[in-house]
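*Asks:* To be precise about what I am sending: the file is called protein12.cif and holds mmCIF, C-alpha atoms.
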```cif
data_structure
loop_
_atom_site.label_atom_id
_atom_site.label_comp_id
_atom_site.auth_asym_id
_atom_site.auth_seq_id
_atom_site.Cartn_x
_atom_site.Cartn_y
_atom_site.Cartn_z
CA MET A 1 220.76 116.73 50.08
CA TYR A 2 224.52 116.38 49.94
CA ASN A 3 225.50 113.98 47.15
CA PRO A 4 229.28 113.43 46.85
CA ASN A 5 230.63 112.59 43.43
CA ILE A 6 231.12 108.88 42.86
CA ASN A 7 234.56 108.18 41.40
CA LEU A 8 236.80 105.16 41.40
CA ILE A 9 239.74 105.71 43.69
CA SER A 10 243.27 104.53 44.25
CA ALA A 11 244.00 102.88 47.58
CA TYR A 12 246.71 100.97 49.40
CA SER A 13 245.94 97.72 47.59
CA THR A 14 243.69 96.29 44.90
CA THR A 15 242.77 93.33 47.09
CA THR A 16 239.02 92.80 46.84
CA ASP A 17 236.72 93.64 49.74
CA ASP A 18 235.77 89.97 50.10
CA LYS A 19 239.41 88.98 50.48
CA ILE A 20 240.08 91.76 53.00
CA VAL A 21 237.18 90.52 55.14
CA SER A 22 238.41 86.94 54.71
CA PHE A 23 241.95 87.89 55.79
CA GLU A 24 240.63 89.54 58.95
CA ASP A 25 238.41 86.56 59.67
CA THR A 26 241.25 84.08 59.17
CA TYR A 27 244.20 85.92 60.64
CA GLY A 28 242.70 88.43 63.07
CA ALA A 29 241.11 88.24 66.50
CA HIS A 30 237.32 88.47 66.34
CA HIS A 31 237.07 91.24 68.92
CA TYR A 32 234.97 93.74 66.94
CA ASP A 33 231.49 93.51 65.47
CA ARG A 34 232.09 95.43 62.27
CA LEU A 35 229.75 97.12 59.85
CA ASN A 36 229.98 95.65 56.35
CA LEU A 37 232.26 98.26 54.82
CA VAL A 38 235.92 98.20 53.76
CA VAL A 39 237.29 101.76 53.85
CA ARG A 40 239.91 102.62 51.23
CA GLN A 41 240.36 106.34 51.81
CA ALA A 42 239.56 108.90 54.51
CA LYS A 43 239.52 112.65 54.03
CA GLY A 44 237.81 115.35 56.03
CA CYS A 45 234.45 114.06 57.22
CA TRP A 46 234.23 111.33 54.57
CA LEU A 47 235.25 107.69 54.19
CA THR A 48 235.41 106.08 50.75
CA ASP A 49 235.03 102.47 49.61
CA ALA A 50 236.64 100.71 46.63
CA THR A 51 233.90 101.83 44.23
CA GLY A 52 234.30 105.47 45.16
CA ARG A 53 231.13 105.65 47.22
CA LYS A 54 231.51 108.10 50.11
CA TYR A 55 230.17 107.75 53.64
CA LEU A 56 229.82 110.60 56.13
CA ASP A 57 231.85 109.63 59.19
CA CYS A 58 229.68 110.39 62.20
CA LEU A 59 232.02 108.64 64.65
CA ALA A 60 235.38 110.29 63.94
CA ALA A 61 236.96 107.12 65.41
CA TYR A 62 235.38 107.86 68.80
CA SER A 63 236.74 111.44 68.78
CA ALA A 64 240.22 110.57 67.47
CA ALA A 65 239.65 112.39 64.18
CA ASN A 66 238.31 115.64 65.64
CA PRO A 67 240.05 117.81 62.98
CA GLY A 68 238.81 115.50 60.22
CA HIS A 69 240.75 112.73 58.50
CA HIS A 70 244.16 113.52 57.01
CA HIS A 71 244.00 117.17 57.97
CA PRO A 72 246.44 118.80 55.51
CA LYS A 73 248.33 120.82 58.12
CA ILE A 74 248.91 117.79 60.33
CA VAL A 75 249.82 115.59 57.36
CA HIS A 76 252.25 118.24 56.13
CA ALA A 77 253.94 118.51 59.52
CA MET A 78 254.36 114.73 59.73
CA THR A 79 255.56 114.44 56.13
CA GLU A 80 258.16 117.14 56.73
CA ALA A 81 259.31 115.31 59.86
CA LEU A 82 259.72 112.04 57.97
CA LEU A 83 261.49 113.62 55.01
CA GLY A 84 263.58 115.80 57.30
CA ASN A 85 264.86 112.84 59.32
CA TYR A 86 263.56 114.06 62.68
CA ALA A 87 260.61 111.66 63.06
CA SER A 88 262.26 108.42 64.18
CA VAL A 89 261.94 107.02 67.68
CA ILE A 90 264.97 108.10 69.74
CA SER A 91 266.22 106.60 72.97
CA ASN A 92 264.99 108.45 76.02
CA VAL A 93 268.58 108.71 77.23
CA VAL A 94 268.79 111.93 75.16
CA TYR A 95 266.53 114.91 74.44
CA THR A 96 264.57 115.70 71.26
CA ASP A 97 263.19 119.06 70.30
CA PRO A 98 259.75 117.77 69.18
CA LEU A 99 259.12 116.35 72.66
CA GLY A 100 260.17 119.55 74.41
CA VAL A 101 258.02 121.75 72.17
CA PHE A 102 255.05 119.38 72.48
CA LEU A 103 255.26 119.26 76.29
CA GLU A 104 255.22 123.06 76.49
CA LYS A 105 252.34 123.28 74.01
CA VAL A 106 250.05 120.77 75.73
CA ALA A 107 250.94 121.78 79.31
CA THR A 108 249.88 125.35 78.61
CA PHE A 109 246.83 124.29 76.56
CA ALA A 110 245.01 123.47 79.81
CA PRO A 111 244.41 125.70 82.86
CA GLN A 112 246.42 125.18 86.03
CA LEU A 113 245.48 121.73 87.30
CA ALA A 114 245.26 120.89 91.02
CA PRO A 115 245.42 124.59 91.97
CA ARG A 116 245.15 123.74 95.70
CA PHE A 117 248.77 122.57 95.41
CA GLY A 118 249.87 125.94 94.07
CA ALA A 119 250.37 127.78 90.78
CA ASN A 120 253.35 125.65 89.79
CA GLY A 121 252.38 125.07 86.18
CA ASN A 122 251.41 121.73 84.67
CA LYS A 123 253.65 118.80 83.82
CA VAL A 124 252.94 116.08 81.28
CA LEU A 125 253.82 112.39 81.02
CA PRO A 126 253.25 111.16 77.42
CA LYS A 127 252.24 107.66 76.37
CA ASN A 128 250.66 105.98 73.32
CA GLY A 129 247.10 104.67 73.62
CA GLY A 130 244.77 106.39 76.06
CA VAL A 131 244.55 103.41 78.41
CA GLU A 132 248.26 103.75 79.15
CA SER A 133 247.67 107.28 80.43
CA VAL A 134 244.69 106.11 82.46
CA GLU A 135 246.99 103.64 84.20
CA THR A 136 249.52 106.46 84.71
CA ALA A 137 246.76 108.43 86.45
CA ILE A 138 246.00 105.42 88.65
CA LYS A 139 249.69 105.25 89.62
CA MET A 140 249.59 108.95 90.49
CA MET A 141 246.56 108.58 92.76
CA ARG A 142 247.92 105.50 94.50
CA TYR A 143 251.31 107.11 95.06
CA TYR A 144 249.69 110.20 96.53
CA GLY A 145 247.67 108.06 98.92
CA TRP A 146 250.82 106.26 100.10
CA LYS A 147 253.19 109.24 100.18
CA LYS A 148 250.96 112.04 101.42
CA LYS A 149 248.03 110.34 103.17
CA GLY A 150 249.97 107.57 104.84
CA ILE A 151 247.86 104.75 103.39
CA LYS A 152 249.64 101.41 103.60
CA ASP A 153 250.97 100.50 100.17
CA GLY A 154 248.60 97.98 98.63
CA GLN A 155 245.58 99.27 100.55
CA GLN A 156 244.88 102.36 98.42
CA GLU A 157 241.35 102.63 96.99
CA ILE A 158 240.09 104.63 94.04
CA ILE A 159 236.42 105.46 93.45
CA ILE A 160 235.20 104.80 89.89
CA PHE A 161 231.74 104.74 88.31
CA GLU A 162 229.27 102.26 86.87
CA ASN A 163 229.21 102.01 83.07
CA ASN A 164 232.64 103.59 82.87
CA PHE A 165 234.95 103.07 79.94
CA HIS A 166 238.65 103.76 80.36
CA GLY A 167 240.13 101.08 78.09
CA ARG A 168 240.70 97.33 78.14
CA MET A 169 244.02 96.61 79.87
CA ILE A 170 243.88 94.27 82.88
CA THR A 171 243.86 96.92 85.61
CA VAL A 172 241.26 99.00 83.79
CA ILE A 173 238.88 96.14 82.98
CA SER A 174 239.17 95.14 86.64
CA PHE A 175 236.84 98.02 87.50
CA SER A 176 234.62 97.87 84.42
CA SER A 177 230.94 97.12 85.02
CA THR A 178 230.73 95.41 81.61
CA GLU A 179 230.95 91.68 82.28
CA LYS A 180 232.28 90.72 78.84
CA TYR A 181 235.34 92.94 79.41
CA ARG A 182 236.26 91.02 82.60
CA GLU A 183 235.01 87.46 82.31
CA GLY A 184 237.81 84.89 82.14
CA PHE A 185 240.64 87.43 82.41
CA GLY A 186 241.25 87.14 86.16
CA PRO A 187 242.86 87.49 88.57
CA LEU A 188 241.75 91.10 88.39
CA THR A 189 243.41 94.10 89.99
CA PRO A 190 241.97 95.12 93.38
CA GLY A 191 241.72 98.61 94.83
CA PHE A 192 238.61 100.04 93.17
CA VAL A 193 235.08 100.69 94.43
CA SER A 194 232.19 101.65 92.18
CA ALA A 195 229.55 104.35 92.59
CA GLU A 196 226.47 105.13 90.54
CA TYR A 197 227.34 107.72 87.89
CA GLY A 198 225.82 111.06 88.82
CA ASN A 199 224.96 110.03 92.39
CA LEU A 200 227.05 112.17 94.74
CA GLU A 201 225.61 110.63 97.90
CA ASP A 202 226.64 107.19 96.65
CA VAL A 203 230.19 108.48 96.22
CA LYS A 204 230.32 109.94 99.72
CA LYS A 205 229.34 106.59 101.25
CA LEU A 206 232.40 104.96 99.67
CA VAL A 207 235.01 107.32 101.11
CA ASN A 208 237.13 105.73 103.84
CA LYS A 209 240.62 105.99 105.32
CA ASN A 210 242.13 104.20 102.31
CA THR A 211 240.49 106.32 99.61
CA CYS A 212 243.09 108.20 97.59
CA GLY A 213 241.32 109.34 94.43
CA ILE A 214 238.31 109.59 92.16
CA LEU A 215 238.49 108.73 88.44
CA VAL A 216 235.58 109.94 86.33
CA GLU A 217 234.52 110.80 82.78
CA PRO A 218 232.89 114.27 82.78
CA MET A 219 230.52 112.78 80.21
CA GLN A 220 230.26 109.06 79.50
CA GLY A 221 230.68 107.94 75.91
CA GLU A 222 230.65 104.14 75.85
CA GLY A 223 228.34 104.18 78.87
CA GLY A 224 225.47 105.49 76.75
CA MET A 225 226.40 109.13 76.02
CA GLN A 226 225.44 110.11 79.56
CA ILE A 227 225.60 113.61 81.03
CA PRO A 228 225.88 113.85 84.83
CA PRO A 229 223.31 115.97 86.67
CA ALA A 230 224.06 119.62 87.38
CA GLY A 231 226.33 120.04 90.37
CA PHE A 232 227.74 116.49 90.28
CA LEU A 233 231.25 117.38 89.12
CA GLN A 234 231.37 120.34 91.53
CA GLY A 235 230.26 117.98 94.28
CA LEU A 236 233.14 115.64 93.43
CA ARG A 237 235.51 118.59 93.47
CA ASP A 238 234.29 119.68 96.92
CA LEU A 239 234.48 116.14 98.26
CA ALA A 240 238.01 115.66 96.94
CA ASP A 241 239.10 118.89 98.61
CA GLN A 242 237.45 117.98 101.92
CA GLU A 243 238.84 114.44 102.03
CA ASP A 244 242.24 115.17 100.45
CA LEU A 245 241.64 113.01 97.38
CA LEU A 246 242.97 113.45 93.85
CA LEU A 247 240.19 114.07 91.33
CA VAL A 248 241.14 112.89 87.82
CA PHE A 249 239.07 113.46 84.69
CA ASP A 250 239.34 111.10 81.74
CA GLU A 251 238.69 113.32 78.71
CA ILE A 252 240.06 110.96 76.06
CA GLN A 253 236.73 111.05 74.20
CA VAL A 254 235.21 114.32 75.39
CA GLY A 255 238.19 116.69 75.48
CA LEU A 256 239.84 118.91 72.88
CA GLY A 257 236.66 120.57 71.63
CA ARG A 258 234.37 117.57 71.34
CA THR A 259 231.63 118.94 73.63
CA GLY A 260 231.85 122.56 72.50
CA LYS A 261 234.44 123.58 75.09
CA ARG A 262 238.19 123.08 74.94
CA PHE A 263 237.76 120.67 77.86
CA CYS A 264 234.49 119.11 78.97
CA PHE A 265 235.07 120.14 82.60
CA GLU A 266 234.76 123.79 81.55
CA HIS A 267 230.98 123.34 81.22
CA ASP A 268 230.87 122.99 85.02
CA ASP A 269 233.65 125.45 85.82
CA VAL A 270 235.45 122.68 87.71
CA VAL A 271 239.19 122.06 87.50
CA PRO A 272 240.54 118.54 88.13
CA ASP A 273 243.77 117.55 89.82
CA GLY A 274 244.75 115.35 86.90
CA LEU A 275 243.68 115.09 83.28
CA VAL A 276 243.93 112.25 80.75
CA LEU A 277 243.88 113.09 77.04
CA GLY A 278 244.37 110.96 73.92
CA LYS A 279 242.72 110.17 70.57
CA ALA A 280 242.39 113.65 68.98
CA LEU A 281 245.65 114.77 70.59
CA SER A 282 247.51 113.76 67.41
CA GLY A 283 244.69 114.50 64.98
CA GLY A 284 243.95 110.79 64.67
CA LEU A 285 247.11 109.95 62.70
CA VAL A 286 249.38 108.26 65.26
CA PRO A 287 248.82 107.01 68.83
CA LEU A 288 249.48 109.70 71.42
CA SER A 289 248.11 110.22 74.92
CA ILE A 290 249.10 112.07 78.07
CA PHE A 291 248.53 112.29 81.76
CA MET A 292 248.82 115.88 83.02
CA THR A 293 248.85 117.27 86.53
CA ASN A 294 250.30 119.99 88.74
CA SER A 295 254.10 120.08 88.62
CA GLU A 296 254.33 119.45 92.36
CA LEU A 297 252.34 116.23 92.11
CA MET A 298 254.15 114.99 88.99
CA ASP A 299 257.56 115.57 90.56
CA MET A 300 256.48 113.83 93.75
CA ALA A 301 255.30 110.62 92.06
CA PHE A 302 257.54 110.18 89.04
CA ASN A 303 261.31 110.24 89.18
CA ILE A 304 264.12 108.51 87.30
CA GLY A 305 263.20 104.90 86.61
CA SER A 306 259.68 105.02 88.06
CA ASP A 307 258.02 105.13 84.65
CA GLY A 308 258.89 104.98 80.97
CA SER A 309 257.72 104.21 77.44
CA THR A 310 259.86 103.64 74.35
CA PHE A 311 257.33 105.22 72.01
CA GLY A 312 255.69 107.50 74.58
CA GLY A 313 256.24 111.00 73.24
CA TYR A 314 258.43 109.93 70.33
CA PRO A 315 259.23 112.63 67.75
CA LEU A 316 256.68 111.83 65.01
CA ALA A 317 253.84 111.66 67.53
CA CYS A 318 254.93 114.94 69.09
CA VAL A 319 255.08 116.67 65.70
CA ALA A 320 251.54 115.47 65.04
CA GLY A 321 250.44 116.61 68.51
CA ILE A 322 251.86 120.10 68.07
CA ALA A 323 250.14 120.43 64.68
CA ALA A 324 246.82 119.06 65.97
CA LEU A 325 246.67 121.46 68.91
CA THR A 326 247.58 124.33 66.59
CA VAL A 327 244.77 123.37 64.19
CA ILE A 328 242.26 123.29 67.06
CA GLU A 329 243.25 126.86 67.95
CA GLU A 330 243.75 128.41 64.53
CA GLU A 331 240.68 126.88 62.90
CA LYS A 332 238.47 127.52 65.94
CA LEU A 333 237.29 123.91 66.11
CA VAL A 334 235.99 124.38 69.65
CA GLU A 335 233.70 127.15 68.48
CA SER A 336 232.68 125.08 65.45
CA SER A 337 231.76 122.17 67.70
CA ALA A 338 229.59 124.39 69.89
CA ARG A 339 227.87 126.06 66.92
CA GLN A 340 227.34 123.00 64.74
CA GLY A 341 226.48 120.82 67.71
CA LYS A 342 223.73 123.18 68.81
CA LYS A 343 222.28 123.15 65.29
CA LEU A 344 222.51 119.38 64.94
CA LYS A 345 221.04 118.61 68.35
CA ALA A 346 218.09 120.93 67.71
CA ALA A 347 217.38 119.15 64.42
CA ILE A 348 217.57 115.72 66.08
CA GLU A 349 215.28 116.87 68.90
CA LYS A 350 212.78 117.96 66.26
CA ILE A 351 212.90 114.45 64.76
CA ALA A 352 212.41 112.99 68.25
CA GLU A 353 209.18 114.94 68.75
CA THR A 354 207.35 112.73 66.25
CA SER A 355 209.56 109.65 66.02
CA PRO A 356 208.12 106.40 67.41
CA HIS A 357 211.66 105.10 67.89
CA VAL A 358 213.40 107.82 69.94
CA LYS A 359 213.33 107.71 73.72
CA GLU A 360 215.74 110.57 74.49
CA VAL A 361 218.29 112.87 72.87
CA ARG A 362 221.23 114.03 74.98
CA GLY A 363 224.64 115.55 74.45
CA LYS A 364 226.80 118.66 74.26
CA GLY A 365 228.64 120.06 71.28
CA LEU A 366 229.20 117.36 68.67
CA PHE A 367 228.85 114.56 71.22
CA ILE A 368 225.22 113.50 70.84
CA GLY A 369 223.37 110.31 71.72
CA ILE A 370 219.97 109.18 70.46
CA GLU A 371 218.53 106.56 72.81
CA VAL A 372 216.01 104.32 71.08
CA VAL A 373 212.87 102.85 72.61
CA LYS A 374 213.56 99.17 72.01
CA GLY A 375 217.27 99.27 72.85
CA ASN A 376 218.17 98.12 69.33
CA ALA A 377 220.46 100.98 68.30
CA MET A 378 222.66 98.80 66.08
CA ASP A 379 219.70 98.01 63.83
CA PHE A 380 219.41 101.70 63.02
CA CYS A 381 223.18 102.00 62.58
CA ARG A 382 223.08 99.35 59.84
CA GLN A 383 220.19 101.12 58.11
CA LEU A 384 222.12 104.38 58.22
CA LEU A 385 225.16 102.68 56.68
CA ASP A 386 223.03 101.85 53.64
CA LEU A 387 222.21 105.56 53.37
CA GLY A 388 225.87 106.59 53.56
CA LEU A 389 226.39 107.32 57.28
CA ILE A 390 228.92 105.70 59.61
CA VAL A 391 227.52 105.52 63.16
CA ASN A 392 227.70 103.00 65.97
CA ASP A 393 225.78 102.14 69.10
CA SER A 394 226.69 103.15 72.63
CA HIS A 395 225.80 100.64 75.35
CA GLY A 396 223.45 98.92 72.92
CA HIS A 397 220.58 101.36 73.36
CA THR A 398 221.95 104.62 71.98
CA ILE A 399 222.99 105.80 68.51
CA ARG A 400 226.24 107.70 68.86
CA ILE A 401 226.69 110.86 66.77
CA SER A 402 230.19 112.38 66.98
CA PRO A 403 231.44 113.62 63.58
CA PRO A 404 234.63 115.63 63.01
CA LEU A 405 234.44 119.09 64.52
CA ASN A 406 234.75 120.85 61.15
CA ILE A 407 231.56 119.31 59.74
CA ASN A 408 229.84 121.89 57.55
CA ASP A 409 226.19 122.87 57.08
CA GLU A 410 225.71 120.80 53.93
CA GLU A 411 227.07 117.71 55.67
CA ILE A 412 224.81 118.30 58.67
CA ASP A 413 221.83 118.53 56.32
CA PHE A 414 222.77 115.16 54.83
CA LEU A 415 223.13 113.67 58.31
CA VAL A 416 219.74 114.97 59.45
CA GLU A 417 217.97 113.85 56.26
CA SER A 418 219.39 110.35 56.72
CA LEU A 419 218.26 110.22 60.36
CA GLU A 420 214.77 111.31 59.29
CA LYS A 421 214.56 108.39 56.86
CA VAL A 422 215.19 105.76 59.53
CA LEU A 423 213.66 107.37 62.61
CA LEU A 424 210.40 108.80 61.24
#
```
Write out the structure in this file as structure tokens.

*Replies:*
Amino acid sequence: MYNPNINLISAYSTTTDDKIVSFEDTYGAHHYDRLNLVVRQAKGCWLTDATGRKYLDCLAAYSAANPGHHHPKIVHAMTEALLGNYASVISNVVYTDPLGVFLEKVATFAPQLAPRFGANGNKVLPKNGGVESVETAIKMMRYYGWKKKGIKDGQQEIIIFENNFHGRMITVISFSSTEKYREGFGPLTPGFVSAEYGNLEDVKKLVNKNTCGILVEPMQGEGGMQIPPAGFLQGLRDLADQEDLLLVFDEIQVGLGRTGKRFCFEHDDVVPDGLVLGKALSGGLVPLSIFMTNSELMDMAFNIGSDGSTFGGYPLACVAGIAALTVIEEEKLVESSARQGKKLKAAIEKIAETSPHVKEVRGKGLFIGIEVVKGNAMDFCRQLLDLGLIVNDSHGHTIRISPPLNINDEEIDFLVESLEKVLL
């Protein structure tokens, strides 16, 4: 069993844990149900408290820390940018070299998107949090419906899916099927119709003269770690081609190696028209997200003044993004995710064979969900915290397992042994 050394550590402050919790309770919004842990340091796959006790991070901040926390190559690149005076936010009225290099790096990191519009290369529009890039994708689909399909502006419709999670801004919560995300925040944004996830026939029934696009997660994370049935994504691709719709994949949580492929859509050999990335795009150190599509589509929808973001693609974020993508390539994190994920899932499935608590195990790569019989996943998450694991529930009924992609064999052994203690 992996047993990290217990040493007292230095941290940002010496404020006691009780006071930190009190400060959040007094001065912060109560919008998270937190586990009872104050993290003082994060490195690799481990989080450390004030006493020096270490916890294996099996969430990786919902896939934001795919390369592990404070990856030295990404930290070095950002430190050099700060010390070298080329990290500050710069007005978008001029060019910066980090943005240019980042755009080339990420645009060529993906295959040609929307190939039915030609081999024009990809173009990228950078933002901060992932939800901003989701809304950029919505703008793209709506504009296409108006400009190319002749839909009256304001009548465009986008097909989305039950139990989706694309963020919590007003437009995005408007099509969430989670009531607590929407209740009391109206008026909500119209223009969305919802289909059952994985049900292609349900999607087909919703297509009409005002439909302009389909927005989907190739695998659902917050929706319960759900994998669509075989042929579903290809069916969406065929339908989008037949009906002249834009098919956009939100891979904020499942892209960049998380599921054992560079992009989750590669499991189905399906290429979207648009792609949303975030979280791990900067190695988890600064906010950075993008919407990417075929150059022809990007140039059609976005011109001078039609979009903008002061911090979207600012130099420090771009430096982090370049370094993070380089780490994914050079350290073969995609291959590590596939290899370690296969090993971990097999071990969890073995636990499930005799566990009275496990209903189903599902996932790809290092994106694994353990659905529990009584729908009380958070109870198990709290037990695992006591054993030194950081996990959370997904949709209430599923334990989410998504550690950094460079998790090693010894750490996987510790993870599996801890799961055995609470599930057997």

*Asks:* Work out how far CA of Val319 (chain A) is from CA of Thr79 (chain A), in Å to one decimal.

*Replies:*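 Separation of CA of Thr79 (chain A) and CA of Val319 (chain A): 9.8 Å.
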
*Asks:* Taking the file as I've supplied it (selection: the PyMOL selection byres ((chain A and resi 258) around 10)), which residues are included? Please answer as a VMD selection string.

*Replies:* chain A and resid 63 to 64 66 251 to 257 259 to 264 280 333 to 334 336 to 338 341 364 to 367 402 to 405

*Asks:* If we count all atoms listed in the file and set the cut-off at 12 Å, which residues sit around Arg40 (chain A), ignoring sequence neighbours fewer than 6 positions away in its own chain? Please answer as a ChimeraX atom specification.

*Replies:* /A:8-17,20,46-55

*Asks:* Report as a PyMOL selection string the full result of the PyMOL selection byres ((chain A and resi 90-97) around 8) when it is applied to this structure.

*Replies:* chain A and resi 88-89+98-101+310+314-315

*Asks:* As an exercise, work out the distance from CA of Ile401 (chain A) to CA of Gly369 (chain A) in Å and give it to one decimal place.

*Replies:*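 CA of Ile401 (chain A) sits 6.0 Å away from CA of Gly369 (chain A).
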
*Asks:* Pull out every residue that the PyMOL selection byres ((chain A and resi 376) around 12) matches in the shown coordinates and put them as number ranges by chain.

*Replies:* A: 357-359, 370-375, 377-383, 392-399

*Asks:* For Phe414 (chain A), which residue out of A:Ile159, A:Ile322, A:Ala347, A:Val361 is the nearest one, using all atoms listed in the file?

*Replies:*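 Going through A:Ile159, A:Ile322, A:Ala347, A:Val361 one by one, the smallest distance to Phe414 (chain A) is for A:Ala347.
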
*Asks:* Could you please determine the separation between CA of His31 (chain A) and CA of Val193 (chain A) in Å, to one decimal place?

*Replies:*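 Separation of CA of His31 (chain A) and CA of Val193 (chain A): 27.3 Å.
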
*Asks:* Pick the closest to Trp146 (chain A) from A:Lys209, A:Lys421, A:Lys343, A:Arg34: which is it, counting only C-alpha atoms?

*Replies:*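 The shortest atom-to-atom distance to Trp146 (chain A) comes from A:Lys209.
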
*Asks:* Considering all atoms listed in the file, return as a PyMOL selection string whatever protein or nucleic-acid residues lie within 12 Å of Glu135 (chain A), sequence-local ones (same chain, fewer than 2 positions apart) excluded.

*Replies:* chain A and resi 125-133+137-142+166-174+189+215+248+250+275-276+289-291+307

*Asks:* For Leu389 (chain A), find every residue with an atom within 7 Å (counting all atoms listed in the file), except residues of its own chain fewer than 6 positions away, and show them as a PDB file with C-alpha atoms, keeping the file's coordinate frame.

*Replies:*
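Result file is selection-v5.pdb:
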```
ATOM      1  CA  TYR A  55     230.170 107.750  53.640  1.00  0.00           C
ATOM      2  CA  LEU A  56     229.820 110.600  56.130  1.00  0.00           C
ATOM      3  CA  ASP A  57     231.850 109.630  59.190  1.00  0.00           C
ATOM      4  CA  CYS A  58     229.680 110.390  62.200  1.00  0.00           C
TER       5      CYS A  58
END
```

*Asks:* With only C-alpha atoms as the atoms that count, which of A:Ala81, A:Leu246, A:Ala240, A:Val124 lies nearest to Lys105 (chain A)?

*Replies:*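 Of A:Ala81, A:Leu246, A:Ala240, A:Val124, the one nearest Lys105 (chain A), counting only C-alpha atoms, is A:Val124.
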
*Asks:* Between A:Ala346, A:Val271, A:Ala77, A:Ile390, which one has atoms that come closest to Val38 (chain A), using all atoms listed in the file?

*Replies:*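 Residue with the minimum atom-to-atom distance to Val38 (chain A): A:Ile390.
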
*Asks:* For Arg237 (chain A), which residue among A:Glu420, A:Arg116, A:Tyr197, A:Phe192 is the nearest when counting all atoms listed in the file?

*Replies:*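 Comparing A:Glu420, A:Arg116, A:Tyr197, A:Phe192 against Arg237 (chain A), the winner is A:Arg116.
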
*Asks:* Box for region 128-141 of chain A - axis-aligned, 6 Å on each of the six sides, all listed atoms - centre and size in Å to one decimal, as lines of an AutoDock Vina configuration file.

*Replies:*
```
center_x = 247.6
center_y = 106.2
center_z = 83.0
size_x = 18.1
size_y = 17.5
size_z = 31.4
```

*Asks:* Tell me which of A:Thr293, A:Asn406, A:Ser309, A:Asn164 sits closest to Val106 (chain A), counting all atoms listed in the file.

*Replies:*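 Closest residue, counting all atoms listed in the file: A:Thr293.
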
*Asks:* Need the neighbours of (246.2, 113.5, 97.7): which residues are at most 12 Å away, counting all atoms listed in the file, as a PyMOL selection string?

*Replies:* chain A and resi 114+116-117+140-151+156-158+210-214+240-248+273-274+294+296-298+300-301

*Asks:* Could you pull the residues within 12 Å of Ala195 (chain A), counting only C-alpha atoms, minus those fewer than 3 positions along the same chain, as a list of chain:residue names?

*Replies:*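 Close residues of Ala195 (chain A): A:Ile158, A:Ile159, A:Ile160, A:Phe161, A:Glu162, A:Asn163, A:Asn164, A:Phe175, A:Ser176, A:Ser177, A:Phe192, A:Gly198, A:Asn199, A:Leu200, A:Glu201, A:Asp202, A:Val203, A:Lys204, A:Lys205, A:Leu206, A:Val207, A:Ile214, A:Leu215, A:Val216, A:Leu236.
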
*Asks:* Since the input lacks some atoms of region 347-358 of chain A, please model N, CA and C atoms and print them as a compact mmCIF listing (two decimals), in the coordinates of the input.

*Replies:*
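Final file, part-v9.txt:
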```txt
# COMPACT_ATOMS: atom_id res chain seq x y z
N ALA A 347 218.02 119.86 65.52
CA ALA A 347 217.38 119.15 64.42
C ALA A 347 217.00 117.73 64.84
N ILE A 348 217.87 117.08 65.62
CA ILE A 348 217.57 115.72 66.08
C ILE A 348 216.42 115.74 67.08
N GLU A 349 216.39 116.75 67.94
CA GLU A 349 215.28 116.87 68.90
C GLU A 349 213.95 117.08 68.18
N LYS A 350 214.00 117.78 67.05
CA LYS A 350 212.78 117.96 66.26
C LYS A 350 212.31 116.62 65.69
N ILE A 351 213.24 115.80 65.24
CA ILE A 351 212.90 114.45 64.76
C ILE A 351 212.27 113.65 65.90
N ALA A 352 212.87 113.76 67.09
CA ALA A 352 212.41 112.99 68.25
C ALA A 352 210.98 113.31 68.65
N GLU A 353 210.54 114.52 68.36
CA GLU A 353 209.18 114.94 68.75
C GLU A 353 208.10 114.05 68.13
N THR A 354 208.37 113.54 66.93
CA THR A 354 207.35 112.73 66.25
C THR A 354 207.81 111.31 65.95
N SER A 355 209.04 110.99 66.32
CA SER A 355 209.56 109.65 66.02
C SER A 355 209.01 108.61 67.00
N PRO A 356 208.56 107.47 66.51
CA PRO A 356 208.12 106.40 67.41
C PRO A 356 209.28 105.60 67.98
N HIS A 357 210.50 105.90 67.51
CA HIS A 357 211.66 105.10 67.89
C HIS A 357 212.56 105.76 68.94
N VAL A 358 212.45 107.08 69.10
CA VAL A 358 213.40 107.82 69.94
C VAL A 358 212.86 107.97 71.36
```
